[in-house]
2 protein chains.
Amino acid sequence: MYDLFFQKFQEKVPLSNEEQEQIKAYLTPKKLRKRQYLLQKGDVCKAIAFVEKGTLREYSVESGSEHIIQFAIEGWTISDLFSFLTGEPATYHIEAIEEAELILISKSAHEELLKVQPKYETYMRLLITGAYIALQRRHTSNISLPVEERYRNFTEMYPDIVQRVPQHMIASYLGLTPETLSRIRKKMANRE
Amino acid sequence: MYDLFFQKFQEKVPLSNEEQEQIKAYLTPKKLRKRQYLLQKGDVCKAIAFVEKGTLREYSVESGSEHIIQFAIEGWTISDLFSFLTGEPATYHIEAIEEAELILISKSAHEELLKVQPKYETYMRLLITGAYIALQRRHTSNISLPVEERYRNFTEMYPDIVQRVPQHMIASYLGLTPETLSRIRKKMANRE
DNA sequence: CCATTTCATTGACAAAAGTCAATGGTTTTT
DNA sequence: AAAAACCATTGACTTTTGTCAATGAAATGG
């Protein structure tokens with residue numbers, strides 16, 4: 001159950017067996033059914049979630065329309081960090097697209113782990129650094145590349161997500177309407 | 001010279017005088033003239049820069065056109081983190097818009113500080129977490145808000161940058177052409 | 001202080017993306 | 001198994017944004 005979590009952890013920071021057991025004591029498993037919320041806008045985000053199985057999406061709702069901020073599949077971590085850290089109401093929804101198995105780090109677990117296990121702090125630092133770099137690249141490509149290339153990059157970078165997620169959600173992630181993405185795909189297909 | 005740096009540091013992590021002196025020993029001051037590069041695309045980013053004075057911009061150049069990724073004024077930190085951490089060539093330029101005074105943390109200083117001073121790791125973690133949250137909000141507003149509101153948010157959030165930076169750079173930051181921003185401003189002004 | 005460069009604005013036009021509505025195929029639910 | 005909900009695609013049309021070119025004002029550098 002915790003295999004993938006610790007595998008990913010150890011890719012960044014090696015742990016002894018004892019350390020692993022120590023950390024494991026702070027973690028909580030949780031299952032979600034399809035369409036079930038992990039977090040709803042307005043609630044306070046109470047955990048950082050690591051995905052052992054399944055697919056989730058994090059999205060904002062702005063004047064009726066949804067905008068997908070992030071997908072998360074096996075091995076990824078997802079949360080509304082701002083809400084989690086400050087205790088302010090969340091601005092995003094997080095929802096299971098498919099049935100999912102998660103490992104949760106609660107706020108109190110997070111704070112305790114920072115105190116008792118320096119390797120946890122290092123892991124968090126590296127995790128967020130990676131997320132920041134990825135987000136920066138995404139943002140850069142968003143404002144500098146033509147839509148078609150952005151879509152192509154996405155399919156090359158995340159072929160597994162393309163398989164598992166409806167197309168209109170990928171459009172939303174790329175900041176497009178479903179119609180526009182459909183037309184771009186058609187144009188790309190016609191050139192082959 | 002290091003006042004602002006340690007002021008910002010202590011807002012996140014308090015330090016004793018000894019700790020401050022210890023850390024200071026790893027820092028290097030640097031001045032830039034207007035238009036001078038701190039980093040050029042293709043070079044390896046050798047430092048994290050804290051701005052004591054002046055204004056910098058970080059931007060990408062994609063098929064001839066520039067796209068501003070970030071501004072940095074007094075009290076902000078700027079770097080091509082990916083290049084800094086991996087040693088890969090930078091994908092961004094960083095340049096002084098006005099004459100600037102910086103405090104640099106070199107790669108080796110960064111690595112040493114992580115080893116010898118846990119508070120430095122905590123500071124870095126919190127710094128990057130803040131940057132990540134800010135970037136996520138920016139990206140969200142980019143894909144979900146109409147241009148006019150994005151501009152309004154920017155002017156409200158960073159009135160000092162609006163004062164100090166030419167308008168076409170703000171357009172670039174928002175992902176617009178200068179002409180489009182000019183027209184939006186006109187529209188906004190006409191409604192008053 | 002003059003020459004040059006940079007900058008913001010505007011107009012005319014082109015290209016890109018969004019909106020609305022309809023269709024037909026899937027999948028999901030009951 | 002039938003009904004309902006979801007989904008991708010397409011067409012006609014509108015809105016938004018970009019491109020190119022010109023102008024005049026302001027800032028910059030020698």
# chains A, B, ... in the order shown; residues from 1 in each chain; ligands from 1

call {"tool": "residues_around", "arguments": {"residues": "stretch 1-10 of chain C", "least_positions_apart": "5", "cutoff": "9 Å", "atoms": "only C-alpha atoms (C1' of nucleotides)", "output": "JSON, numbers by chain"}}
result
{"B": [166, 167, 168, 178, 179, 182, 183], "D": [22, 23, 25, 26, 27, 28, 29]}

call {"tool": "residues_around", "arguments": {"residues": "D:DT14", "least_positions_apart": "3", "cutoff": "12 Å", "atoms": "only C-alpha atoms (C1' of nucleotides)", "output": "ChimeraX atom specification"}}
result
/C:17-20

call {"tool": "select_by_dssp", "arguments": {"residues": "stretch 5-98 of chain B", "states": "strand (DSSP E)", "output": "ChimeraX atom specification"}}
result
/B:28-32,37-39,47-53,56-62,65-72,77-78,93-96

call {"tool": "interface_residues", "arguments": {"of": "chain A", "to": "chain B", "cutoff": "6 Å", "atoms": "only C-alpha atoms", "output": "VMD selection string"}}
result
chain A and resid 125 132 143 175

call {"tool": "select_by_dssp", "arguments": {"residues": "stretch 84-147 of chain A", "states": "helix (DSSP H, G or I)", "output": "NGL selection string"}}
result
:A and (84-86 or 107-116 or 118-144 or 147)

call {"tool": "atom_distance", "arguments": {"atom1": "atom C1' of D:DT10", "atom2": "atom CA of A:Ile184"}}
result
12.7 Å

call {"tool": "interface_residues", "arguments": {"of": "chain D", "to": "chain A", "cutoff": "12 Å", "atoms": "only C-alpha atoms (C1' of nucleotides)", "output": "list in words"}}
result
DC6, DC7, DA8, DT9, DT10 and DG11 of chain D

call {"tool": "write_last_selection", "arguments": {"atoms": "N, CA and C atoms (P, O5', C5', C4', C3', O3' and C1' of nucleotides)", "output": "short mmCIF file (atom, residue, chain, number, x, y, z; two decimals), in the first residue's frame"}}
result
data_model
loop_
_atom_site.label_atom_id
_atom_site.label_comp_id
_atom_site.auth_asym_id
_atom_site.auth_seq_id
_atom_site.Cartn_x
_atom_site.Cartn_y
_atom_site.Cartn_z
P DC D 6 -23.81 14.32 -17.16
"O5'" DC D 6 -22.86 13.71 -18.27
"C5'" DC D 6 -22.34 12.40 -18.09
"C4'" DC D 6 -21.44 12.08 -19.26
"C3'" DC D 6 -20.48 13.22 -19.62
"O3'" DC D 6 -19.19 12.65 -19.69
"C1'" DC D 6 -21.65 12.48 -21.53
P DC D 7 -17.91 13.60 -19.83
"O5'" DC D 7 -17.59 13.50 -21.39
"C5'" DC D 7 -17.50 12.22 -22.00
"C4'" DC D 7 -17.44 12.38 -23.49
"C3'" DC D 7 -16.59 13.55 -23.98
"O3'" DC D 7 -15.42 13.00 -24.57
"C1'" DC D 7 -18.62 13.33 -25.21
P DA D 8 -14.28 13.97 -25.04
"O5'" DA D 8 -14.48 14.04 -26.62
"C5'" DA D 8 -14.35 12.84 -27.36
"C4'" DA D 8 -14.72 13.12 -28.79
"C3'" DA D 8 -13.92 14.23 -29.46
"O3'" DA D 8 -13.41 13.71 -30.67
"C1'" DA D 8 -16.25 14.63 -29.67
P DT D 9 -12.60 14.64 -31.69
"O5'" DT D 9 -13.76 15.16 -32.66
"C5'" DT D 9 -14.57 14.20 -33.32
"C4'" DT D 9 -15.61 14.93 -34.14
"C3'" DT D 9 -15.06 16.06 -35.02
"O3'" DT D 9 -15.35 15.72 -36.37
"C1'" DT D 9 -17.03 16.71 -33.87
P DT D 10 -14.61 16.46 -37.56
"O5'" DT D 10 -15.70 17.54 -38.01
"C5'" DT D 10 -16.99 17.09 -38.39
"C4'" DT D 10 -17.94 18.26 -38.45
"C3'" DT D 10 -17.39 19.51 -39.15
"O3'" DT D 10 -18.04 19.62 -40.40
"C1'" DT D 10 -18.66 20.04 -37.19
P DG D 11 -17.67 20.78 -41.44
"O5'" DG D 11 -18.79 21.88 -41.13
"C5'" DG D 11 -20.17 21.51 -41.12
"C4'" DG D 11 -21.02 22.74 -40.89
"C3'" DG D 11 -20.50 24.01 -41.57
"O3'" DG D 11 -21.60 24.72 -42.13
"C1'" DG D 11 -20.69 24.37 -39.23
#

call {"tool": "residues_around", "arguments": {"residues": "B:Gln117", "least_positions_apart": "2", "cutoff": "12 Å", "atoms": "only C-alpha atoms (C1' of nucleotides)", "output": "list in words"}}
result
Pro118 of chain A; Val13, Leu15, Glu18, Glu19, Gln20, Glu21, Gln22, Ile23, Lys24, Tyr26, Ala109, His110, Glu111, Glu112, Leu113, Leu114, Lys115, Lys119, Tyr120, Glu121, Thr122, Tyr123 and Met124 of chain B

call {"tool": "residues_around", "arguments": {"residues": "D:DT19", "least_positions_apart": "3", "cutoff": "9 Å", "atoms": "only C-alpha atoms (C1' of nucleotides)", "output": "ChimeraX atom specification"}}
result
/C:13-15

call {"tool": "write_last_selection", "arguments": {"atoms": "N, CA and C atoms (P, O5', C5', C4', C3', O3' and C1' of nucleotides)", "output": "PDB file, in the first residue's frame"}}
result
ATOM      1  P    DC C  13      -8.709  48.267 -44.668  1.00  0.00           P
ATOM      2  O5'  DC C  13      -8.177  46.815 -44.271  1.00  0.00           O
ATOM      3  C5'  DC C  13      -6.838  46.450 -44.608  1.00  0.00           C
ATOM      4  C4'  DC C  13      -6.470  45.236 -43.808  1.00  0.00           C
ATOM      5  C3'  DC C  13      -7.372  44.022 -44.031  1.00  0.00           C
ATOM      6  O3'  DC C  13      -6.623  43.046 -44.745  1.00  0.00           O
ATOM      7  C1'  DC C  13      -6.759  44.308 -41.745  1.00  0.00           C
ATOM      8  P    DA C  14      -7.205  41.565 -44.934  1.00  0.00           P
ATOM      9  O5'  DA C  14      -6.491  40.794 -43.744  1.00  0.00           O
ATOM     10  C5'  DA C  14      -5.075  40.919 -43.574  1.00  0.00           C
ATOM     11  C4'  DA C  14      -4.599  39.811 -42.646  1.00  0.00           C
ATOM     12  C3'  DA C  14      -5.215  38.449 -42.933  1.00  0.00           C
ATOM     13  O3'  DA C  14      -4.202  37.473 -42.748  1.00  0.00           O
ATOM     14  C1'  DA C  14      -5.836  39.158 -40.752  1.00  0.00           C
ATOM     15  P    DA C  15      -4.520  35.916 -42.844  1.00  0.00           P
ATOM     16  O5'  DA C  15      -4.549  35.494 -41.312  1.00  0.00           O
ATOM     17  C5'  DA C  15      -3.447  35.832 -40.487  1.00  0.00           C
ATOM     18  C4'  DA C  15      -3.725  35.321 -39.092  1.00  0.00           C
ATOM     19  C3'  DA C  15      -4.173  33.863 -39.056  1.00  0.00           C
ATOM     20  O3'  DA C  15      -3.367  33.218 -38.081  1.00  0.00           O
ATOM     21  C1'  DA C  15      -5.726  35.248 -37.885  1.00  0.00           C
TER      22       DA C  15
END

call {"tool": "residues_around", "arguments": {"residues": "C:DA16", "least_positions_apart": "3", "cutoff": "12 Å", "atoms": "only C-alpha atoms (C1' of nucleotides)", "output": "list in words"}}
result
Pro146, Val147, Glu148, Leu176, Thr180, Arg183 and Ile184 of chain A; DT15, DT16, DT17 and DG18 of chain D

call {"tool": "residues_around", "arguments": {"residues": "A:Leu102", "least_positions_apart": "6", "cutoff": "10 Å", "atoms": "only C-alpha atoms (C1' of nucleotides)", "output": "number ranges by chain"}}
result
A: 1-2, 5, 28-32, 38, 48-54, 74-75, 77-78
